[in-house]
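Shown next: query.txt, containing compact mmCIF, C-alpha atoms.
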# COMPACT_ATOMS: atom_id res chain seq x y z
CA MET A 16 107.71 151.21 130.40
CA LYS A 17 108.05 152.91 133.78
CA LEU A 18 107.87 151.03 137.07
CA ALA A 19 107.60 152.14 140.69
CA THR A 20 107.24 150.57 144.11
CA LEU A 21 104.51 151.83 146.43
CA THR A 22 104.85 151.78 150.19
CA ASN A 23 102.39 149.32 151.72
CA GLY A 24 103.90 148.39 155.09
CA ALA A 25 105.85 145.45 153.69
CA ARG A 26 109.63 145.50 153.32
CA ASP A 27 109.59 145.32 149.52
CA GLY A 28 106.48 147.39 148.81
CA ALA A 29 104.08 146.81 145.92
CA LEU A 30 104.99 146.93 142.23
CA ALA A 31 103.15 149.50 140.11
CA VAL A 32 103.20 150.58 136.48
CA VAL A 33 103.39 154.35 135.90
CA ASN A 34 102.37 156.10 132.69
CA ARG A 35 104.77 157.95 130.42
CA ASP A 36 104.10 161.45 131.76
CA LEU A 37 104.21 160.31 135.40
CA THR A 38 100.63 161.32 136.22
CA ARG A 39 98.83 157.96 136.64
CA MET A 40 99.75 154.58 138.08
CA ARG A 41 98.33 151.11 138.56
CA ALA A 42 99.37 148.35 140.96
CA VAL A 43 99.96 145.02 139.23
CA PRO A 44 99.90 142.26 141.88
CA HIS A 45 98.50 139.81 139.31
CA ILE A 46 101.80 140.03 137.43
CA ALA A 47 104.30 140.34 140.30
CA ALA A 48 103.91 141.45 143.88
CA THR A 49 107.29 143.23 143.90
CA LEU A 50 109.82 144.48 141.38
CA GLN A 51 112.38 141.91 142.50
CA LEU A 52 109.93 139.10 141.79
CA ALA A 53 109.35 140.57 138.33
CA LEU A 54 113.11 140.72 137.71
CA ASP A 55 113.48 137.11 138.85
CA ASP A 56 111.06 136.10 136.09
CA TRP A 57 111.68 138.93 133.63
CA ALA A 58 111.11 136.96 130.42
CA ARG A 59 107.54 136.24 131.56
CA ALA A 60 106.82 139.44 133.47
CA ALA A 61 108.18 142.06 131.07
CA PRO A 62 105.63 141.52 128.23
CA LEU A 63 102.76 141.52 130.72
CA LEU A 64 104.00 144.71 132.36
CA GLN A 65 104.45 146.29 128.92
CA ALA A 66 100.83 145.52 128.07
CA GLU A 67 99.68 147.16 131.30
CA TYR A 68 101.87 150.16 130.51
CA GLU A 69 100.38 150.58 127.04
CA ALA A 70 96.84 150.29 128.43
CA LEU A 71 97.61 152.85 131.13
CA ASN A 72 98.96 155.31 128.57
CA ALA A 73 95.81 154.80 126.49
CA GLY A 74 93.61 155.52 129.50
CA ASP A 75 92.20 152.01 129.61
CA GLY A 76 91.24 150.50 132.96
CA ALA A 77 91.37 151.74 136.52
CA SER A 78 94.25 153.89 137.71
CA GLN A 79 95.10 156.43 140.38
CA PRO A 80 97.16 159.61 140.49
CA PHE A 81 100.90 159.06 140.67
CA ASP A 82 102.37 160.53 143.84
CA PRO A 83 106.16 160.24 144.36
CA THR A 84 105.72 160.73 148.11
CA ARG A 85 103.93 157.38 148.19
CA CYS A 86 106.90 155.67 146.57
CA ALA A 87 109.52 153.57 148.24
CA ALA A 88 112.75 153.01 146.38
CA PRO A 89 111.85 150.89 143.31
CA LEU A 90 114.05 148.24 144.91
CA PRO A 91 113.85 148.94 148.67
CA ARG A 92 116.47 146.25 149.18
CA ALA A 93 118.51 144.49 146.54
CA TYR A 94 120.81 141.53 146.22
CA GLN A 95 123.68 143.66 144.98
CA TRP A 96 124.71 147.34 144.66
CA LEU A 97 127.88 148.11 142.73
CA ASP A 98 129.11 151.66 142.23
CA ALA A 99 131.71 152.73 139.71
CA SER A 100 133.57 155.99 139.11
CA ALA A 101 133.24 156.30 135.35
CA TYR A 102 133.63 160.09 135.14
CA LEU A 103 137.36 160.48 135.51
CA ASN A 104 137.24 164.26 135.59
CA HIS A 105 135.80 163.92 139.10
CA VAL A 106 138.56 161.51 140.10
CA ASP A 107 141.25 163.75 138.63
CA LEU A 108 139.96 166.88 140.40
CA THR A 109 139.75 165.27 143.83
CA ARG A 110 143.21 163.70 143.52
CA ARG A 111 144.84 166.92 142.34
CA ALA A 112 143.24 168.83 145.21
CA ARG A 113 145.01 166.43 147.59
CA GLY A 114 148.31 166.93 145.78
CA GLY A 115 148.16 163.59 143.99
CA GLU A 116 147.81 162.34 140.44
CA MET A 117 145.41 159.96 138.75
CA PRO A 118 147.19 156.70 137.90
CA PRO A 119 147.28 155.90 134.15
CA SER A 120 145.62 152.54 134.86
CA PHE A 121 142.38 154.35 135.70
CA LEU A 122 141.95 155.01 131.98
CA THR A 123 141.67 151.30 131.23
CA ASP A 124 140.64 149.60 134.49
CA PRO A 125 137.35 150.85 136.00
CA LEU A 126 137.08 151.88 139.63
CA MET A 127 134.25 150.00 141.35
CA TYR A 128 133.21 148.98 144.84
CA GLN A 129 130.44 146.88 146.34
CA GLY A 130 128.15 148.91 148.60
CA ALA A 131 125.40 148.13 151.07
CA SER A 132 122.17 147.13 149.32
CA ASP A 133 119.92 146.14 152.22
CA ASP A 134 118.34 149.60 152.55
CA PHE A 135 117.62 152.02 149.70
CA MET A 136 115.77 155.22 150.54
CA GLY A 137 112.62 156.31 148.76
CA PRO A 138 112.84 159.36 146.50
CA CYS A 139 111.27 161.72 149.05
CA GLU A 140 112.71 160.19 152.21
CA ASP A 141 114.81 162.40 154.49
CA ILE A 142 118.58 162.01 154.55
CA THR A 143 119.25 161.29 158.21
CA ALA A 144 122.74 161.76 159.64
CA ALA A 145 123.99 161.63 163.21
CA SER A 146 125.84 164.94 162.89
CA GLU A 147 126.62 167.70 160.39
CA GLU A 148 130.26 167.17 161.35
CA LEU A 149 130.28 163.95 159.33
CA GLY A 150 130.38 165.97 156.10
CA VAL A 151 127.06 164.95 154.53
CA ASP A 152 127.22 165.10 150.73
CA LEU A 153 125.03 164.18 147.79
CA GLU A 154 126.17 162.34 144.66
CA ALA A 155 123.92 162.43 141.60
CA GLU A 156 124.39 159.34 139.43
CA ILE A 157 122.73 157.13 136.85
CA VAL A 158 121.96 153.57 137.85
CA VAL A 159 121.19 150.54 135.69
CA ILE A 160 119.48 147.35 136.81
CA THR A 161 120.36 144.04 135.20
CA ASP A 162 118.76 140.68 134.70
CA ASP A 163 120.94 137.59 135.23
CA VAL A 164 124.41 138.28 133.82
CA PRO A 165 126.71 135.34 132.98
CA LEU A 166 130.31 135.14 134.11
CA GLY A 167 132.77 136.53 131.58
CA VAL A 168 130.23 138.45 129.48
CA ASP A 169 131.74 140.84 126.93
CA ALA A 170 130.94 144.56 127.01
CA ASP A 171 128.63 144.60 123.97
CA THR A 172 126.60 141.60 125.14
CA ALA A 173 126.49 143.05 128.65
CA LEU A 174 124.34 145.93 127.39
CA GLU A 175 121.64 143.41 126.47
CA HIS A 176 121.32 142.64 130.18
CA VAL A 177 120.36 146.22 131.13
CA VAL A 178 116.61 146.03 131.73
CA LEU A 179 115.96 149.26 133.67
CA LEU A 180 117.60 152.64 134.28
CA GLY A 181 117.10 155.29 136.94
CA LEU A 182 118.80 157.89 139.09
CA VAL A 183 120.49 157.52 142.46
CA ASN A 184 121.62 159.91 145.17
CA ASP A 185 124.64 158.09 146.55
CA VAL A 186 124.84 159.83 149.93
CA THR A 187 128.39 160.09 151.25
CA LEU A 188 129.83 161.14 154.61
CA ARG A 189 133.00 162.88 153.42
CA ASN A 190 134.64 163.27 156.83
CA VAL A 191 134.27 159.54 157.42
CA VAL A 192 135.33 158.29 153.98
CA LEU A 193 138.98 159.36 153.91
CA PRO A 194 139.94 157.92 157.33
CA GLU A 195 138.02 154.77 156.42
CA LEU A 196 139.78 154.36 153.07
CA SER A 197 143.16 154.93 154.70
CA LYS A 198 142.68 151.57 156.43
CA GLY A 199 142.89 149.96 152.99
CA PHE A 200 139.70 147.94 153.34
CA GLY A 201 137.07 150.05 151.54
CA PHE A 202 133.84 151.87 152.39
CA LEU A 203 131.48 151.01 155.20
CA GLN A 204 130.41 153.78 157.59
CA GLY A 205 131.11 156.51 155.04
CA LYS A 206 128.40 155.22 152.70
CA PRO A 207 124.95 155.23 154.32
CA ALA A 208 121.72 154.42 152.46
CA SER A 209 121.33 155.79 148.93
CA ALA A 210 118.07 157.09 147.43
CA LEU A 211 116.59 155.92 144.13
CA SER A 212 114.39 157.87 141.70
CA PRO A 213 110.60 157.37 141.92
CA VAL A 214 110.52 155.27 138.75
CA LEU A 215 112.84 153.01 136.81
CA VAL A 216 112.54 153.04 133.02
CA THR A 217 113.21 150.45 130.33
CA PRO A 218 115.89 151.32 127.75
CA ASP A 219 113.41 151.50 124.84
CA GLU A 220 111.56 154.36 126.58
CA LEU A 221 114.76 156.40 126.69
CA ALA A 222 115.44 156.42 122.94
CA PRO A 223 117.16 158.34 121.44
CA TYR A 224 119.01 159.35 124.61
CA TRP A 225 120.17 155.84 125.52
CA ARG A 226 122.84 154.85 123.02
CA GLY A 227 126.27 153.31 123.15
CA GLY A 228 125.74 152.28 126.76
CA LYS A 229 125.42 155.91 127.90
CA LEU A 230 122.45 158.14 128.75
CA HIS A 231 122.89 161.34 126.77
CA ARG A 232 121.00 163.82 128.96
CA ALA A 233 121.94 166.49 131.48
CA MET A 234 121.84 165.52 135.14
CA GLN A 235 120.11 168.37 136.94
CA VAL A 236 120.88 169.05 140.59
CA TRP A 237 119.34 171.70 142.85
CA LEU A 238 120.28 172.66 146.39
CA ASN A 239 117.69 174.71 148.29
CA GLY A 240 116.02 175.65 144.99
CA GLU A 241 119.22 176.83 143.29
CA GLN A 242 120.56 174.79 140.41
CA ILE A 243 124.15 173.79 141.10
CA GLY A 244 124.71 171.24 138.35
CA GLN A 245 123.67 170.31 134.82
CA PRO A 246 126.54 168.20 133.43
CA GLN A 247 125.96 166.04 130.38
CA ALA A 248 125.87 162.40 131.45
CA GLY A 249 126.74 161.10 127.99
CA GLU A 250 129.92 163.15 127.78
CA GLU A 251 133.27 162.42 129.43
CA MET A 252 132.13 159.02 130.68
CA GLN A 253 135.27 156.91 130.38
CA PHE A 254 133.52 153.53 130.52
CA HIS A 255 130.01 152.86 129.22
CA PHE A 256 127.64 150.65 131.20
CA GLY A 257 128.39 147.57 129.11
CA GLU A 258 132.05 147.90 130.02
CA LEU A 259 131.19 148.41 133.67
CA ILE A 260 128.95 145.33 133.76
CA ALA A 261 131.61 143.26 131.99
CA HIS A 262 134.17 144.43 134.56
CA ALA A 263 131.90 143.37 137.43
CA ALA A 264 131.17 140.00 135.79
CA ARG A 265 134.79 139.19 134.94
CA THR A 266 135.06 136.55 137.69
CA ARG A 267 131.46 135.90 138.74
CA ARG A 268 127.83 135.93 137.71
CA LEU A 269 125.56 138.86 138.55
CA GLY A 270 122.08 138.09 139.81
CA ALA A 271 118.86 139.60 138.50
CA GLY A 272 118.24 142.89 140.26
CA THR A 273 121.88 143.93 140.47
CA LEU A 274 122.16 147.73 140.60
CA LEU A 275 125.23 149.36 139.07
CA GLY A 276 125.91 153.08 139.46
CA SER A 277 127.88 155.33 137.15
CA GLY A 278 129.62 157.32 139.84
CA THR A 279 129.25 161.08 140.23
CA ILE A 280 128.58 162.69 136.86
CA SER A 281 131.21 165.30 136.08
CA ASN A 282 132.22 167.48 133.13
CA ALA A 283 135.50 169.38 132.88
CA SER A 284 133.79 172.71 132.20
CA ASP A 285 133.04 174.85 135.26
CA ASP A 286 129.85 175.95 133.48
CA ALA A 287 128.43 172.43 133.88
CA GLY A 288 128.33 172.82 137.65
CA VAL A 289 128.60 169.89 140.01
CA CYS A 290 126.74 166.75 141.06
CA CYS A 291 128.34 166.63 144.51
CA LEU A 292 129.57 169.24 146.97
CA VAL A 293 133.05 167.83 147.34
CA GLU A 294 133.65 168.61 143.67
CA ALA A 295 132.59 172.21 144.24
CA ARG A 296 135.06 172.34 147.13
CA VAL A 297 138.01 170.89 145.23
CA ARG A 298 137.36 173.18 142.26
CA GLU A 299 137.52 176.10 144.70
CA LYS A 300 140.75 174.84 146.18
CA LEU A 301 142.41 174.33 142.81
CA ARG A 302 141.23 177.75 141.59
CA ASP A 303 141.41 179.91 144.73
CA GLY A 304 143.46 177.93 147.20
CA GLU A 305 140.66 177.35 149.71
CA MET A 306 137.39 175.45 150.05
CA ARG A 307 134.32 177.56 150.84
CA THR A 308 131.29 175.45 149.94
CA PRO A 309 129.88 173.77 153.07
CA TYR A 310 128.55 170.26 153.16
CA LEU A 311 124.84 169.65 153.71
CA LYS A 312 123.23 171.07 156.82
CA HIS A 313 120.05 170.24 158.69
CA GLY A 314 117.06 171.40 156.66
CA ASP A 315 118.88 171.59 153.31
CA ARG A 316 116.83 170.35 150.37
CA VAL A 317 118.42 168.31 147.57
CA ARG A 318 116.65 167.67 144.29
CA ILE A 319 117.99 165.50 141.46
CA GLY A 320 116.32 164.90 138.11
CA MET A 321 116.65 164.47 134.37
CA ARG A 322 114.43 165.92 131.63
CA ASP A 323 113.74 165.10 127.99
CA ASP A 324 113.98 167.64 125.17
CA ALA A 325 110.48 168.92 125.94
CA GLY A 326 111.30 169.45 129.62
CA HIS A 327 109.36 166.42 130.88
CA SER A 328 110.80 164.40 133.74
CA LEU A 329 112.14 161.01 132.69
CA PHE A 330 112.37 159.30 136.09
CA GLY A 331 110.63 161.67 138.50
CA ASP A 332 112.81 163.62 140.89
CA ILE A 333 114.71 162.56 143.97
CA ASP A 334 113.60 165.25 146.45
CA GLN A 335 115.08 164.99 149.93
CA GLN A 336 115.76 167.08 152.97
CA VAL A 337 118.54 166.60 155.48
CA ARG A 338 117.56 165.71 159.03
CA ILE A 339 119.94 165.74 161.98
CA PRO A 340 118.14 164.31 165.05
CA GLY A 341 118.00 166.66 168.03
CA THR A 342 118.24 169.85 165.99
CA ARG A 343 115.57 172.44 165.19
CA PRO A 344 112.23 171.31 163.70
CA MET A 345 112.35 170.96 159.94
CA PRO A 346 109.15 171.81 158.04
CA ARG A 347 108.88 170.16 154.66
CA ALA A 348 108.03 173.35 152.78
CA ALA A 349 108.40 174.02 149.08
CA SER A 350 111.62 175.71 148.05
CA ALA A 351 111.68 179.37 147.11
CA SER A 352 111.98 178.47 143.44
CA SER A 353 110.93 175.26 141.77
CA PRO A 354 113.46 173.23 139.77
CA GLU A 355 111.67 174.31 136.62
CA THR A 356 112.07 177.97 137.58
CA ALA A 357 115.66 177.48 138.66
CA ALA A 358 116.49 175.80 135.38
CA ALA A 359 115.02 178.58 133.25

Could I get this file's structure written as structure tokens?
Amino acid sequence: MKLATLTNGARDGALAVVNRDLTRMRAVPHIAATLQLALDDWARAAPLLQAEYEALNAGDGASQPFDPTRCAAPLPRAYQWLDASAYLNHVDLTRRARGGEMPPSFLTDPLMYQGASDDFMGPCEDITAASEELGVDLEAEIVVITDDVPLGVDADTALEHVVLLGLVNDVTLRNVVLPELSKGFGFLQGKPASALSPVLVTPDELAPYWRGGKLHRAMQVWLNGEQIGQPQAGEEMQFHFGELIAHAARTRRLGAGTLLGSGTISNASDDAGVCCLVEARVREKLRDGEMRTPYLKHGDRVRIGMRDDAGHSLFGDIDQQVRIPGTRPMPRAASASSPETAAA
């Protein structure tokens, strides 16, 4: 099934079921007012939501058009947001561009940090930054949402606790991150609010793409209507999501509604493009000796999505523009070429 959260003036929005082709939706307050409440009681709520989903797909009962601009993040605020860096090609490139090497331990011990989870952006909400000088960047990732995960769970069993999947734009302020990390105490100011895809999807809906704890589809990224990335998410992922969940739960339980990100998707081939601008920059430096790609500017439009074999959107698209307060007005106009045209 596919689930969304509609904006309604409340902090956590209203839970809705969305049909398979993302054209119709139905609010389900009789099952759970919010997605977090459904996750808290998933054993009861999931079968009821599935029944609503099947009825919606069959055209039974009242519904309304699905509009991503009406969506908040599926979880506007969450108890926990963990982000990994499971695509080691990205790690290797950025370290080599700084004259360093990737430690051998990274092959066996996942990189992961705990980020801010009190404020997730909706899929069409503007990326707001105080200044372009902060180095505003996108990061296209896959995210999984868990139910309650016990302490010490093994990697195979951990996959049974993945109840929903989606996409995330993990916005990063590159010119803040490095000085911040040099303090040795982790991210804070360099990681503002991230944006989630319009819908989250249960693993059964993603067959046959979801297998072995990986989502075997291309992550598609457009900047101002031009496609800049289409790396395969199921390839070159060092740790599958079961391993990442087990790593996070090694010394503690994880609560229902925990979000865990894959890290920036990255393939070794230049033909795959990039899912973040810093990777474009470090590839340029390693190849040509200098970085030319700028970070995001006021008015830039970022679009992130994933399609099935027939070209249908799996999660809806994250579609955002960058806003720097005090700069020129920014009309929210359509890009010169749609993602579908750009991908052709």

**OP:** May I ask for the distance between atom CA of A:Asp36 and atom CA of A:Ala222, given in Å to one decimal place?
**Re:** 15.2 Å

**OP:** Using all atoms listed in the file, collect all residues at a distance of at most 6 Å from (132.0, 149.7, 144.3) as written in the file, then present them as number ranges by chain.
**Re:** A: 97-99, 127-130

Per residue of stretch 133-194 of chain A within 12 Å of stretch 237-241 of chain A, record the nearest atom pair and its distance in Å to one decimal, counting only C-alpha atoms, with rows in chain order and ascending residue number, as JSON lines.
{"residue": "A:Asp152", "atom": "CA", "partner": "A:Leu238", "partner_atom": "CA", "distance": 11.1}
{"residue": "A:Leu153", "atom": "CA", "partner": "A:Leu238", "partner_atom": "CA", "distance": 9.8}
{"residue": "A:Glu154", "atom": "CA", "partner": "A:Trp237", "partner_atom": "CA", "distance": 11.7}
{"residue": "A:Ala155", "atom": "CA", "partner": "A:Trp237", "partner_atom": "CA", "distance": 10.4}

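Between atom CA of A:Ala29 and atom CA of A:Ser78 the interatomic distance comes to 14.6 Å.
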
**OP:** Would you kindly return, as number ranges by chain, each protein, DNA or RNA residue with an atom no farther than 7 Å from any atom of stretch 272-279 of chain A, considering only C-alpha atoms and excluding same-chain residues fewer than 5 positions away?
**Re:** A: 51, 54, 93-102, 154-162, 290

Print the selection's residues with C-alpha atoms to a file, as an mmCIF file, in the frame of the given file.
data_model
loop_
_atom_site.group_PDB
_atom_site.id
_atom_site.type_symbol
_atom_site.label_atom_id
_atom_site.label_comp_id
_atom_site.auth_asym_id
_atom_site.auth_seq_id
_atom_site.Cartn_x
_atom_site.Cartn_y
_atom_site.Cartn_z
ATOM 1 C CA GLN A 51 112.380 141.910 142.500
ATOM 2 C CA LEU A 54 113.110 140.720 137.710
ATOM 3 C CA ALA A 93 118.510 144.490 146.540
ATOM 4 C CA TYR A 94 120.810 141.530 146.220
ATOM 5 C CA GLN A 95 123.680 143.660 144.980
ATOM 6 C CA TRP A 96 124.710 147.340 144.660
ATOM 7 C CA LEU A 97 127.880 148.110 142.730
ATOM 8 C CA ASP A 98 129.110 151.660 142.230
ATOM 9 C CA ALA A 99 131.710 152.730 139.710
ATOM 10 C CA SER A 100 133.570 155.990 139.110
ATOM 11 C CA ALA A 101 133.240 156.300 135.350
ATOM 12 C CA TYR A 102 133.630 160.090 135.140
ATOM 13 C CA GLU A 154 126.170 162.340 144.660
ATOM 14 C CA ALA A 155 123.920 162.430 141.600
ATOM 15 C CA GLU A 156 124.390 159.340 139.430
ATOM 16 C CA ILE A 157 122.730 157.130 136.850
ATOM 17 C CA VAL A 158 121.960 153.570 137.850
ATOM 18 C CA VAL A 159 121.190 150.540 135.690
ATOM 19 C CA ILE A 160 119.480 147.350 136.810
ATOM 20 C CA THR A 161 120.360 144.040 135.200
ATOM 21 C CA ASP A 162 118.760 140.680 134.700
ATOM 22 C CA CYS A 290 126.740 166.750 141.060
#

Original post:
Hey, what's within 12 Å of A:Ser146 if we count all atoms listed in the file and toss same-chain stuff fewer than 2 positions away? As a VMD selection string, please?
Top reply: chain A and resid 142 to 144 148 to 151 188 190 to 191 310 to 313 337 to 342
